[in-house]
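This is my_file_25.cif. It holds mmCIF, C-alpha atoms and all ligand atoms.
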```cif
data_start
#
loop_
_atom_site.label_atom_id
_atom_site.label_comp_id
_atom_site.auth_asym_id
_atom_site.auth_seq_id
_atom_site.Cartn_x
_atom_site.Cartn_y
_atom_site.Cartn_z
CA MET A 1 0.00 0.00 0.00
CA LEU A 2 1.14 3.53 -0.72
CA THR A 3 1.45 4.92 2.81
CA LEU A 4 0.56 8.46 3.73
CA GLU A 5 3.05 10.14 6.08
CA LYS A 6 2.04 11.21 9.56
CA PHE A 7 1.84 14.95 8.87
CA SER A 8 0.55 16.30 5.60
CA ILE A 9 -0.81 19.58 4.32
CA GLY A 10 -3.31 19.86 1.50
CA VAL A 11 -2.46 22.76 -0.75
CA GLY A 12 -4.50 24.16 -3.61
CA ASP A 13 -2.95 25.74 -6.64
CA ARG A 14 -5.86 26.90 -8.77
CA PHE A 15 -3.70 28.34 -11.57
CA ALA A 16 -0.77 25.91 -11.28
CA HIS A 17 1.77 28.67 -10.61
CA GLN A 18 2.54 28.31 -6.88
CA ALA A 19 3.69 24.73 -6.33
CA LYS A 20 7.28 25.80 -5.71
CA ALA A 21 6.27 28.57 -3.28
CA GLN A 22 4.05 26.07 -1.45
CA LEU A 23 6.72 23.39 -1.30
CA THR A 24 9.15 26.00 0.05
CA ALA A 25 6.98 26.16 3.20
CA CYS A 26 7.41 22.36 3.64
CA VAL A 27 11.17 22.78 3.18
CA MET A 28 11.13 25.38 5.95
CA ALA A 29 9.23 22.96 8.21
CA GLU A 30 11.80 20.30 7.47
CA LYS A 31 14.59 22.67 8.49
CA SER A 32 12.75 23.26 11.77
CA GLY A 33 12.63 19.54 12.46
CA VAL A 34 9.17 18.41 11.35
CA THR A 35 8.38 16.66 8.09
CA VAL A 36 5.10 17.84 6.61
CA ILE A 37 4.46 16.47 3.17
CA PRO A 38 2.48 18.37 0.55
CA VAL A 39 -0.66 17.02 -1.06
CA TRP A 40 -1.78 19.09 -4.04
CA ASN A 41 -5.53 18.97 -4.19
CA LYS A 42 -7.94 20.21 -6.81
CA SER A 43 -11.56 19.14 -7.02
CA ASN A 44 -13.50 18.47 -10.16
CA ARG A 45 -15.51 21.61 -9.43
CA GLU A 46 -12.32 23.69 -9.39
CA HIS A 47 -11.07 22.09 -12.60
CA LEU A 48 -14.39 22.90 -14.28
CA ILE A 49 -14.39 26.50 -13.06
CA VAL A 50 -10.76 27.13 -14.02
CA GLY A 51 -10.91 25.02 -17.19
CA SER A 52 -7.91 22.86 -16.25
CA GLU A 53 -7.01 19.16 -16.41
CA PRO A 54 -5.80 16.96 -13.52
CA ALA A 55 -2.53 16.34 -15.41
CA SER A 56 -1.61 20.02 -14.93
CA VAL A 57 -1.60 19.59 -11.14
CA ARG A 58 0.73 16.59 -11.42
CA ALA A 59 3.05 18.44 -13.79
CA ALA A 60 3.31 21.48 -11.52
CA ALA A 61 3.92 19.30 -8.45
CA ASP A 62 6.59 17.22 -10.19
CA ALA A 63 8.37 20.34 -11.43
CA ALA A 64 8.44 21.94 -7.97
CA VAL A 65 9.73 18.73 -6.38
CA ARG A 66 12.51 18.50 -8.97
CA GLU A 67 13.47 22.12 -8.62
CA LEU A 68 13.69 22.11 -4.83
CA GLY A 69 15.13 18.61 -4.54
CA TRP A 70 12.33 17.45 -2.21
CA LYS A 71 13.21 13.94 -1.03
CA HIS A 72 10.05 13.04 0.86
CA PRO A 73 6.80 11.78 -0.60
CA TYR A 74 4.19 14.10 -2.08
CA HIS A 75 0.79 13.40 -3.55
CA VAL A 76 -1.78 14.69 -6.01
CA ASP A 77 -5.29 14.49 -4.59
CA ALA A 78 -8.38 13.80 -6.68
CA ASP A 79 -10.35 15.96 -4.32
CA HIS A 80 -14.02 15.38 -3.50
CA ILE A 81 -14.57 12.91 -6.32
CA ASN A 82 -17.42 10.46 -6.76
CA LEU A 83 -18.22 7.71 -9.26
CA GLY A 84 -19.37 10.29 -11.80
CA THR A 85 -16.23 12.40 -11.71
CA VAL A 86 -13.31 10.14 -10.77
CA ASP A 87 -12.29 8.81 -14.16
CA ARG A 88 -10.39 11.85 -15.39
CA PHE A 89 -8.21 11.64 -12.25
CA ILE A 90 -7.02 8.05 -12.67
CA ASP A 91 -3.70 8.83 -14.37
CA ALA A 92 -2.64 12.00 -12.57
CA SER A 93 -3.65 11.28 -8.96
CA ASP A 94 -2.29 8.98 -6.27
CA PHE A 95 -4.59 10.20 -3.51
CA TYR A 96 -8.39 10.00 -3.71
CA THR A 97 -10.83 11.87 -1.51
CA LEU A 98 -13.98 9.82 -1.84
CA ASP A 99 -16.78 12.28 -1.16
CA VAL A 100 -19.90 10.52 0.07
CA ALA A 101 -21.50 13.41 1.96
CA SER A 102 -24.43 13.58 -0.43
CA ALA A 103 -25.15 9.87 0.20
CA ILE A 104 -25.58 10.40 3.95
CA GLY A 105 -29.15 9.70 4.92
CA GLN A 106 -29.95 7.73 1.78
CA PRO A 107 -31.41 4.43 2.91
CA ALA A 108 -29.26 1.31 2.82
CA PRO A 109 -31.13 -1.97 2.32
CA ALA A 110 -32.77 -2.90 5.65
CA ALA A 111 -31.13 -6.34 5.51
CA ASP A 112 -27.70 -4.67 5.29
CA VAL A 113 -28.44 -2.52 8.34
CA ALA A 114 -29.61 -5.57 10.30
CA ALA A 115 -26.54 -7.54 9.22
CA PHE A 116 -24.24 -4.68 10.27
CA VAL A 117 -25.79 -4.45 13.74
CA GLY A 118 -25.69 -8.25 14.04
CA ARG A 119 -22.00 -8.26 13.16
CA HIS A 120 -21.16 -5.58 15.73
CA PRO A 121 -22.62 -6.41 19.16
CA GLU A 122 -19.55 -4.66 20.64
CA LEU A 123 -21.01 -1.30 19.56
CA ILE A 124 -24.11 -1.76 21.72
CA GLY A 125 -24.25 -0.85 25.40
CA ARG A 126 -21.58 0.92 27.41
CA LEU A 127 -18.63 1.45 25.15
CA SER A 128 -15.37 2.21 26.92
CA VAL A 129 -12.85 3.73 24.55
CA PRO A 130 -9.36 4.34 25.96
CA GLY A 131 -8.74 8.08 26.09
CA ILE A 132 -12.40 9.00 26.50
CA ALA A 133 -13.41 9.73 30.09
CA GLU A 134 -17.16 9.02 29.76
CA PRO A 135 -18.02 5.70 28.08
CA PHE A 136 -20.40 6.08 25.12
CA ALA A 137 -23.83 4.72 25.94
CA THR A 138 -25.66 3.20 22.98
CA THR A 139 -28.63 0.93 22.42
CA ARG A 140 -29.39 -1.47 19.59
CA LYS A 141 -31.89 1.12 18.37
CA SER A 142 -29.42 4.00 18.39
CA VAL A 143 -26.76 1.96 16.57
CA GLU A 144 -29.37 0.92 14.03
CA ALA A 145 -30.32 4.56 13.51
CA VAL A 146 -26.69 5.60 12.93
CA ALA A 147 -26.13 2.64 10.61
CA ALA A 148 -29.28 3.49 8.68
CA LYS A 149 -28.01 7.03 8.24
CA TYR A 150 -24.44 6.23 7.16
CA LEU A 151 -24.31 2.68 5.80
CA PHE A 152 -25.34 3.59 2.26
CA ALA A 153 -22.70 6.35 2.20
CA VAL A 154 -20.01 3.92 3.33
CA GLN A 155 -21.15 1.38 0.73
CA GLU A 156 -20.88 4.14 -1.86
CA ALA A 157 -17.32 4.85 -0.68
CA GLY A 158 -16.63 1.13 -1.19
CA ARG A 159 -17.95 1.32 -4.75
CA ILE A 160 -15.72 4.31 -5.56
CA TYR A 161 -12.71 2.73 -3.86
CA ARG A 162 -13.06 -0.51 -5.85
CA HIS A 163 -13.58 1.47 -9.06
CA VAL A 164 -10.25 3.25 -8.53
CA ALA A 165 -8.48 0.09 -7.30
CA GLU A 166 -9.50 -1.84 -10.41
CA ARG A 167 -8.05 0.85 -12.64
CA LYS A 168 -4.93 1.87 -10.71
CA GLY A 169 -4.11 -1.16 -8.61
CA ALA A 170 -4.88 -1.11 -4.89
CA ASP A 171 -1.24 -0.48 -3.92
CA HIS A 172 -0.85 2.72 -5.89
CA PHE A 173 -2.93 5.28 -4.06
CA VAL A 174 -3.96 6.73 -0.72
CA THR A 175 -7.64 6.63 0.22
CA GLU A 176 -9.48 9.33 2.14
CA VAL A 177 -13.20 9.31 2.85
CA SER A 178 -14.84 12.71 3.27
CA MET A 179 -18.20 13.51 4.86
CA ASP A 180 -17.61 17.17 5.61
CA GLU A 181 -19.80 18.89 3.04
CA THR A 182 -23.05 18.23 4.85
CA ASP A 183 -25.25 20.04 7.37
CA LEU A 184 -24.79 18.14 10.62
CA PRO A 185 -21.51 17.18 12.30
CA GLN A 186 -20.70 13.54 13.01
CA THR A 187 -20.26 12.87 16.72
CA PRO A 188 -17.39 10.70 18.00
CA PRO A 189 -19.67 7.64 18.62
CA GLU A 190 -21.02 8.05 15.07
CA LEU A 191 -17.45 8.16 13.79
CA LEU A 192 -16.71 4.87 15.51
CA ILE A 193 -19.73 3.23 13.88
CA ILE A 194 -18.76 4.69 10.49
CA LEU A 195 -15.23 3.29 10.88
CA ALA A 196 -16.60 -0.16 11.73
CA ALA A 197 -18.64 0.00 8.52
CA ILE A 198 -15.63 1.19 6.51
CA ALA A 199 -13.62 -1.76 7.82
CA ASP A 200 -16.46 -4.14 6.83
CA GLU A 201 -16.37 -2.61 3.36
CA LYS A 202 -12.61 -3.36 3.26
CA ILE A 203 -11.62 0.19 2.36
CA PRO A 204 -7.96 0.72 3.41
CA ILE A 205 -8.73 4.20 4.63
CA GLN A 206 -5.73 6.30 5.72
CA THR A 207 -7.52 9.51 6.42
CA ILE A 208 -11.08 10.53 7.17
CA ALA A 209 -12.65 13.96 6.96
CA PRO A 210 -15.70 14.16 9.19
CA LYS A 211 -17.75 17.29 9.59
CA PHE A 212 -16.66 18.70 12.92
CA THR A 213 -18.80 20.80 15.21
CA GLY A 214 -18.87 24.52 14.32
CA ARG A 215 -18.61 26.48 11.07
CA PHE A 216 -15.63 25.94 8.74
CA ASN A 217 -16.11 28.79 6.33
CA LYS A 218 -13.70 29.17 3.44
CA GLY A 219 -10.61 31.23 4.21
CA VAL A 220 -11.76 32.69 7.54
CA ASP A 221 -11.47 31.67 11.17
CA TYR A 222 -13.46 28.94 12.91
CA VAL A 223 -16.88 29.97 14.19
CA GLY A 224 -18.08 27.87 17.10
CA ASP A 225 -17.33 26.59 20.57
CA VAL A 226 -13.56 26.01 20.67
CA LYS A 227 -13.77 23.97 23.89
CA GLN A 228 -16.39 21.67 22.41
CA PHE A 229 -14.32 21.31 19.25
CA ALA A 230 -11.23 20.38 21.30
CA LYS A 231 -13.20 17.76 23.26
CA GLU A 232 -14.71 16.19 20.14
CA PHE A 233 -11.42 16.31 18.26
CA GLU A 234 -9.75 14.32 21.05
CA GLU A 235 -12.66 11.89 21.21
CA ASP A 236 -12.42 11.41 17.45
CA LEU A 237 -8.72 10.64 17.85
CA ALA A 238 -9.52 8.13 20.58
CA ALA A 239 -12.25 6.55 18.44
CA ILE A 240 -9.80 6.23 15.53
CA ALA A 241 -7.08 4.63 17.70
CA TYR A 242 -9.67 2.17 19.03
CA ALA A 243 -11.07 1.38 15.56
CA VAL A 244 -7.59 0.78 14.15
CA LYS A 245 -6.99 -1.93 16.76
CA ARG A 246 -10.48 -3.36 16.92
CA TYR A 247 -11.22 -3.46 13.19
CA GLY A 248 -7.76 -3.78 11.67
CA LEU A 249 -7.83 -0.48 9.79
CA PRO A 250 -4.47 0.94 8.58
CA ALA A 251 -2.34 1.93 11.58
CA ASN A 252 -1.65 5.39 10.17
CA LEU A 253 -5.34 6.31 9.86
CA LYS A 254 -5.70 9.97 10.77
CA LEU A 255 -8.12 12.87 10.77
CA SER A 256 -8.29 15.23 7.84
CA VAL A 257 -9.42 18.78 8.56
CA HIS A 258 -11.15 20.12 5.47
CA SER A 259 -11.60 23.83 4.90
CA GLY A 260 -8.71 23.83 7.36
CA SER A 261 -7.07 27.04 6.25
CA ASP A 262 -7.19 30.02 8.56
CA LYS A 263 -8.91 28.21 11.46
CA PHE A 264 -6.46 29.92 13.81
CA SER A 265 -8.56 29.60 16.96
CA ILE A 266 -8.58 25.77 16.85
CA TYR A 267 -4.99 25.13 15.74
CA LYS A 268 -3.80 24.79 19.31
CA ALA A 269 -6.48 22.17 19.99
CA ILE A 270 -5.50 20.27 16.84
CA HIS A 271 -1.81 20.37 17.69
CA ASP A 272 -2.32 19.40 21.34
CA GLY A 273 -4.77 16.60 20.51
CA ALA A 274 -2.48 15.08 17.90
CA LYS A 275 0.44 15.27 20.31
CA LYS A 276 -1.50 13.68 23.16
CA PHE A 277 -2.57 10.72 20.98
CA ASN A 278 0.66 10.59 18.97
CA ALA A 279 -1.63 10.92 15.96
CA GLY A 280 -1.06 12.29 12.50
CA VAL A 281 -2.98 15.18 10.93
CA HIS A 282 -3.94 16.16 7.41
CA LEU A 283 -4.69 19.87 7.20
CA LYS A 284 -6.32 20.98 4.02
CA THR A 285 -5.77 24.60 3.08
CA ALA A 286 -6.66 24.77 -0.63
CA GLY A 287 -8.09 28.17 -1.60
CA THR A 288 -6.02 30.31 0.69
CA THR A 289 -3.12 30.24 -1.81
CA TRP A 290 -5.27 31.93 -4.45
CA LEU A 291 -5.94 34.77 -2.01
CA GLU A 292 -2.20 35.12 -1.43
CA GLU A 293 -1.79 35.53 -5.20
CA LEU A 294 -4.18 38.48 -5.05
CA ILE A 295 -2.36 39.90 -2.02
CA GLY A 296 0.97 39.61 -3.83
CA LEU A 297 -0.43 41.30 -6.94
CA ALA A 298 -1.98 44.10 -4.89
CA GLU A 299 1.21 44.55 -2.91
CA ALA A 300 3.24 44.82 -6.13
CA GLY A 301 1.20 47.88 -7.17
CA GLY A 302 0.93 49.05 -10.80
CA ASN A 303 -0.68 46.52 -13.10
CA GLY A 304 -0.77 43.92 -10.31
CA LEU A 305 -2.90 46.16 -8.12
CA ALA A 306 -5.09 47.05 -11.11
CA ILE A 307 -5.74 43.34 -11.75
CA ALA A 308 -6.55 42.71 -8.09
CA LYS A 309 -9.07 45.58 -8.18
CA GLU A 310 -10.61 44.32 -11.39
CA VAL A 311 -11.05 40.85 -9.87
CA TYR A 312 -12.95 42.38 -6.97
CA ALA A 313 -15.15 44.60 -9.16
CA GLU A 314 -16.11 41.63 -11.32
CA ALA A 315 -16.59 39.34 -8.34
CA LEU A 316 -18.94 41.90 -6.80
CA ALA A 317 -20.87 42.22 -10.04
CA HIS A 318 -21.30 38.41 -10.21
CA LYS A 319 -21.50 37.68 -6.51
CA ASP A 320 -24.68 35.59 -6.53
CA GLU A 321 -23.39 33.26 -9.22
CA LEU A 322 -19.98 32.90 -7.50
CA MET A 323 -21.40 32.33 -4.03
CA ALA A 324 -24.06 29.79 -5.01
CA PRO A 325 -21.87 26.64 -5.24
CA TYR A 326 -20.26 27.49 -1.89
CA SER A 327 -23.35 28.53 0.06
CA THR A 328 -22.80 26.01 2.90
CA VAL A 329 -19.20 27.13 3.50
CA ILE A 330 -19.33 30.93 3.38
CA ASP A 331 -21.04 33.56 5.54
CA ILE A 332 -20.87 36.91 3.79
CA ASP A 333 -22.54 40.01 5.23
CA GLN A 334 -23.23 41.76 1.95
CA SER A 335 -23.84 45.10 3.68
CA LYS A 336 -20.14 45.09 4.65
CA LEU A 337 -18.77 44.61 1.14
CA PRO A 338 -17.06 47.77 -0.14
CA THR A 339 -18.29 49.14 -3.47
CA ALA A 340 -16.17 48.65 -6.58
CA ALA A 341 -15.62 52.43 -6.78
CA GLU A 342 -14.35 52.48 -3.22
CA VAL A 343 -11.87 49.65 -3.85
CA ASN A 344 -10.75 51.28 -7.10
CA GLY A 345 -9.49 54.19 -5.03
CA TRP A 346 -7.50 51.98 -2.67
CA THR A 347 -3.72 51.93 -2.30
CA SER A 348 -1.81 48.63 -2.22
CA GLN A 349 -1.82 48.78 1.53
CA GLN A 350 -5.56 49.37 1.80
CA TYR A 351 -6.24 46.39 -0.45
CA THR A 352 -3.86 44.00 1.32
CA SER A 353 -5.04 45.15 4.77
CA ALA A 354 -8.64 44.34 3.89
CA LEU A 355 -7.73 40.96 2.38
CA ARG A 356 -4.86 39.57 4.44
CA HIS A 357 -6.09 37.42 7.32
CA ASP A 358 -4.73 39.51 10.18
CA GLN A 359 -7.46 39.78 12.79
CA LYS A 360 -5.49 42.42 14.68
CA ASN A 361 -5.69 44.77 11.72
CA PRO A 362 -8.90 46.84 12.03
CA ALA A 363 -9.04 47.14 8.22
CA TYR A 364 -9.29 43.35 7.77
CA ASN A 365 -12.65 42.54 6.16
CA PRO A 366 -13.74 38.87 6.28
CA ASN A 367 -16.64 39.56 3.90
CA PHE A 368 -14.32 41.02 1.27
CA ARG A 369 -12.01 38.03 1.84
CA GLN A 370 -14.72 35.39 1.47
CA LEU A 371 -16.13 36.92 -1.70
CA LEU A 372 -12.68 36.95 -3.28
CA HIS A 373 -12.13 33.38 -2.05
CA VAL A 374 -14.97 32.15 -4.25
CA GLY A 375 -14.07 34.62 -7.02
CA PHE A 376 -11.30 32.67 -8.74
CA LYS A 377 -13.55 32.13 -11.74
CA ILE A 378 -13.07 35.82 -12.56
CA ALA A 379 -9.29 35.38 -12.75
CA ALA A 380 -9.77 32.21 -14.79
CA LYS A 381 -11.84 34.23 -17.28
CA MET A 382 -9.06 36.83 -17.56
CA GLY A 383 -6.88 33.99 -18.86
CA PRO A 384 -3.38 35.02 -19.94
CA ARG A 385 -3.80 38.55 -18.54
CA TYR A 386 -4.04 37.10 -15.05
CA LEU A 387 -1.30 34.52 -15.56
CA ASP A 388 1.05 37.12 -17.06
CA ALA A 389 0.53 39.32 -14.01
CA LEU A 390 1.38 36.36 -11.76
CA GLU A 391 4.56 35.76 -13.69
CA ALA A 392 5.56 39.43 -13.80
CA ASN A 393 5.17 39.64 -10.00
CA GLU A 394 6.32 36.15 -9.14
CA ALA A 395 8.67 37.06 -6.29
CA MET A 396 6.09 39.17 -4.47
CA VAL A 397 3.37 36.55 -4.89
CA ALA A 398 5.63 33.63 -3.88
CA LYS A 399 6.75 35.43 -0.73
CA ASN A 400 3.13 35.75 0.41
CA VAL A 401 2.18 32.18 -0.55
CA THR A 402 5.10 30.69 1.37
CA ALA A 403 4.75 32.92 4.44
CA ASN A 404 1.03 32.19 4.72
CA LEU A 405 1.52 28.42 4.74
CA TRP A 406 4.56 28.49 6.94
CA GLU A 407 3.76 31.20 9.51
CA ARG A 408 0.02 30.94 9.77
CA HIS A 409 -0.55 27.21 9.16
CA ILE A 410 2.40 24.85 9.49
CA LYS A 411 3.94 26.54 12.54
CA PRO A 412 0.83 26.50 14.76
CA VAL A 413 -0.57 23.14 13.63
CA PHE A 414 2.53 21.01 13.27
CA LEU A 415 5.09 22.75 15.52
CA GLY A 416 2.72 24.16 18.14
CA GLN A 417 4.17 27.65 17.74
ZN ZN B 501 -13.89 18.99 2.00
#
```
Output the file's structure as structure tokens, nothing else.
Amino acid sequence: MLTLEKFSIGVGDRFAHQAKAQLTACVMAEKSGVTVIPVWNKSNREHLIVGSEPASVRAAADAAVRELGWKHPYHVDADHINLGTVDRFIDASDFYTLDVASAIGQPAPAADVAAFVGRHPELIGRLSVPGIAEPFATTRKSVEAVAAKYLFAVQEAGRIYRHVAERKGADHFVTEVSMDETDLPQTPPELLIILAAIADEKIPIQTIAPKFTGRFNKGVDYVGDVKQFAKEFEEDLAAIAYAVKRYGLPANLKLSVHSGSDKFSIYKAIHDGAKKFNAGVHLKTAGTTWLEELIGLAEAGGNGLAIAKEVYAEALAHKDELMAPYSTVIDIDQSKLPTAAEVNGWTSQQYTSALRHDQKNPAYNPNFRQLLHVGFKIAAKMGPRYLDALEANEAMVAKNVTANLWERHIKPVFLGQ
């Protein structure tokens, strides 16, 4: 089996220009004594919006690895795929995020639910999991209800897994199962039941992305009860450690935190929990790199700043269309969005202050930031004009991309700093 390393960071490179700047952050981590391997992820939705092919992600990753002499593993993630979208990722990817969130709640055959509960009497009653103070209390009925809710989704993950394994060979890729893009979080006892079902389905899962408690909006901080998150995160880690032993799942199975960029208020809890359980972490940061491109362009001034302003003006003009596909993962107060005319009058510093995620800066505007986060389609439409600006201002953009990953993400999550 292709084994995923203990610590990994998902990075998104919408326009395939920042792989080297991203990998530089992993090189800096390495120099500080912790190996964090990069996983370049791009979903089918992003490929469709940008008009790119999965092979371009592989090519950019390979080139960056060659250029920087990176000796550790790295992966290319077919992000949030399903049976309908996975085929174009077979050649380029060696990491598959099987997204079964939309299958949650779809009914599995009643006989399958009964068979699952019959196979797992250990899940019923008082369930003592090492590392969790209060034993979980379940009944046959409650386990049946959880199985009825998730079994079809896990079976669907099995179908996608086998589809990929038949085409690539089971030893040639890393499997993640994601359930994050749904309304309700999965509780730690639910996670345990889901893992039992995944083991039954014989999916060699190395990472799982549940929906955690609280809001994980794109590119902005966590919104929710940090204490409750910390408690559930630790209980999830305990449930995983237990499931690995009890059900023979891969020993390196770890949690994946999706929409993980910029969740500064929970990074300490993630770091401390992983340390306590000697567990790995996959932190997915995706779209935050695209925002650093805009910051770099704005900071460069001249044509770069003009392009950054144009992206905002167009994003504002098309906000409903841009926001629609991301409605569950953004919270934009439209009354706090500056007008295009206002932004057109901004200096470099005004633009970067509004966009850069520095909560101590009174000019920081999370609404402005979230709208631009979903606005990459505008830059994609600009085509070569946008890409030329990236290339003309490469140093300024790269500096921001690297610093964001290193200072604001890798340091707090993986080094506890
Ligand atoms: Zn996700």
Give me the stretch 235-347 of chain A side of the contact with stretch 194-203 of chain A, cut-off 9 Å, one line per residue showing its nearest atom pair and distance in Å at one decimal, counting all atoms listed in the file, sorted by chain and residue number, as JSON lines.
```
{"residue": "A:Ala239", "atom": "CA", "partner": "A:Leu195", "partner_atom": "CA", "distance": 8.8}
{"residue": "A:Ile240", "atom": "CA", "partner": "A:Leu195", "partner_atom": "CA", "distance": 7.7}
{"residue": "A:Ala243", "atom": "CA", "partner": "A:Leu195", "partner_atom": "CA", "distance": 6.5}
{"residue": "A:Val244", "atom": "CA", "partner": "A:Leu195", "partner_atom": "CA", "distance": 8.7}
{"residue": "A:Arg246", "atom": "CA", "partner": "A:Ala196", "partner_atom": "CA", "distance": 8.6}
{"residue": "A:Tyr247", "atom": "CA", "partner": "A:Ala199", "partner_atom": "CA", "distance": 6.1}
{"residue": "A:Gly248", "atom": "CA", "partner": "A:Ala199", "partner_atom": "CA", "distance": 7.3}
{"residue": "A:Leu249", "atom": "CA", "partner": "A:Ala199", "partner_atom": "CA", "distance": 6.2}
```
*What is the distance, in Å and to one decimal place, between atom CA of A:Gly12 and atom CA of A:Pro38?*
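Distance reported for this atom pair: 10.0 Å.
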*Show which residues sit within 10 Å of stretch 265-268 of chain A, as number ranges by chain. Count all atoms listed in the file, and ignore same-chain residues fewer than 2 positions away.*
A: 221-227, 229-230, 233, 260-263, 270-274, 408-417
Selection as a compact mmCIF listing (two decimals) with C-alpha atoms, in the frame of the given file: residues within 9 Å of ligand ZN 501 (chain B) by only C-alpha atoms and all ligand atoms:
```
# COMPACT_ATOMS: atom_id res chain seq x y z
CA ASP A 79 -10.35 15.96 -4.32
CA HIS A 80 -14.02 15.38 -3.50
CA THR A 97 -10.83 11.87 -1.51
CA ASP A 99 -16.78 12.28 -1.16
CA SER A 178 -14.84 12.71 3.27
CA MET A 179 -18.20 13.51 4.86
CA ASP A 180 -17.61 17.17 5.61
CA GLU A 181 -19.80 18.89 3.04
CA ALA A 209 -12.65 13.96 6.96
CA PRO A 210 -15.70 14.16 9.19
CA LYS A 211 -17.75 17.29 9.59
CA SER A 256 -8.29 15.23 7.84
CA VAL A 257 -9.42 18.78 8.56
CA HIS A 258 -11.15 20.12 5.47
CA SER A 259 -11.60 23.83 4.90
CA GLY A 260 -8.71 23.83 7.36
CA LYS A 284 -6.32 20.98 4.02
```
*For A:Ala60, which residue out of A:Asp236, A:Glu293, A:Asp333, A:Asp13 is the nearest one, using all atoms listed in the file?*
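Closest to A:Ala60 of all the choices is A:Asp13.
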*Using only C-alpha atoms, which residues sit within 10 Å of A:Cys26 once same-chain residues fewer than 6 positions away are excluded, as a ChimeraX atom specification?*
/A:8-9,20,32,34-38,70,402,405-406,410
Per residue of stretch 260-298 of chain A within 12 Å of stretch 42-58 of chain A, note the shortest atom pair and the distance in Å to one decimal, counting only C-alpha atoms, and order the rows by chain and increasing residue number, as a tab-separated table.
```
residue	atom	partner	partner_atom	distance
A:Lys284	CA	A:Lys42	CA	11.0
A:Thr285	CA	A:Lys42	CA	11.0
A:Ala286	CA	A:Lys42	CA	7.8
A:Gly287	CA	A:Lys42	CA	9.5
A:Trp290	CA	A:Glu46	CA	11.9
```
_Using only C-alpha atoms, which protein or nucleic acid residues come within 7 Å of stretch 382-393 of chain A? Drop anything in the same chain fewer than 2 positions from it, and give the result as number ranges by chain._
A: 297, 300, 304, 378-380, 395-397
Those residues you just picked out, can you put them in a file as a PDB file, in the coordinates of the input with C-alpha atoms?
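Writing done, so here's again.pdb:
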```
ATOM      1  CA  LEU A 297      -0.430  41.300  -6.940  1.00  0.00           C
ATOM      2  CA  ALA A 300       3.240  44.820  -6.130  1.00  0.00           C
ATOM      3  CA  GLY A 304      -0.770  43.920 -10.310  1.00  0.00           C
ATOM      4  CA  ILE A 378     -13.070  35.820 -12.560  1.00  0.00           C
ATOM      5  CA  ALA A 379      -9.290  35.380 -12.750  1.00  0.00           C
ATOM      6  CA  ALA A 380      -9.770  32.210 -14.790  1.00  0.00           C
ATOM      7  CA  ALA A 395       8.670  37.060  -6.290  1.00  0.00           C
ATOM      8  CA  MET A 396       6.090  39.170  -4.470  1.00  0.00           C
ATOM      9  CA  VAL A 397       3.370  36.550  -4.890  1.00  0.00           C
TER      10      VAL A 397
END
```
*In terms of the shortest atom-to-atom distance over all atoms listed in the file, which of A:Leu127, A:Leu237, A:Val329, A:Ala64 is closest to A:Phe216?*
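Among the listed residues, A:Val329 lies closest to A:Phe216.
Counting all atoms listed in the file, the residue from A:Tyr242, A:Tyr74, A:Phe89, A:Tyr96 that sits nearest to A:Ser128 is A:Tyr242.
Shortest atom-to-atom contact with A:Ile193 among A:Leu151, A:Ala108, A:Ala137, A:Val401: A:Leu151, counting all atoms listed in the file.
Between atom CA of A:Gly10 and atom CA of A:Ile295 there is a distance of 20.4 Å.
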*asked:* Just checking: using only C-alpha atoms, which residue out of A:Glu394, A:Glu190, A:Asp320, A:Glu299 ends up closest to A:Ser353?
replied: A:Glu299
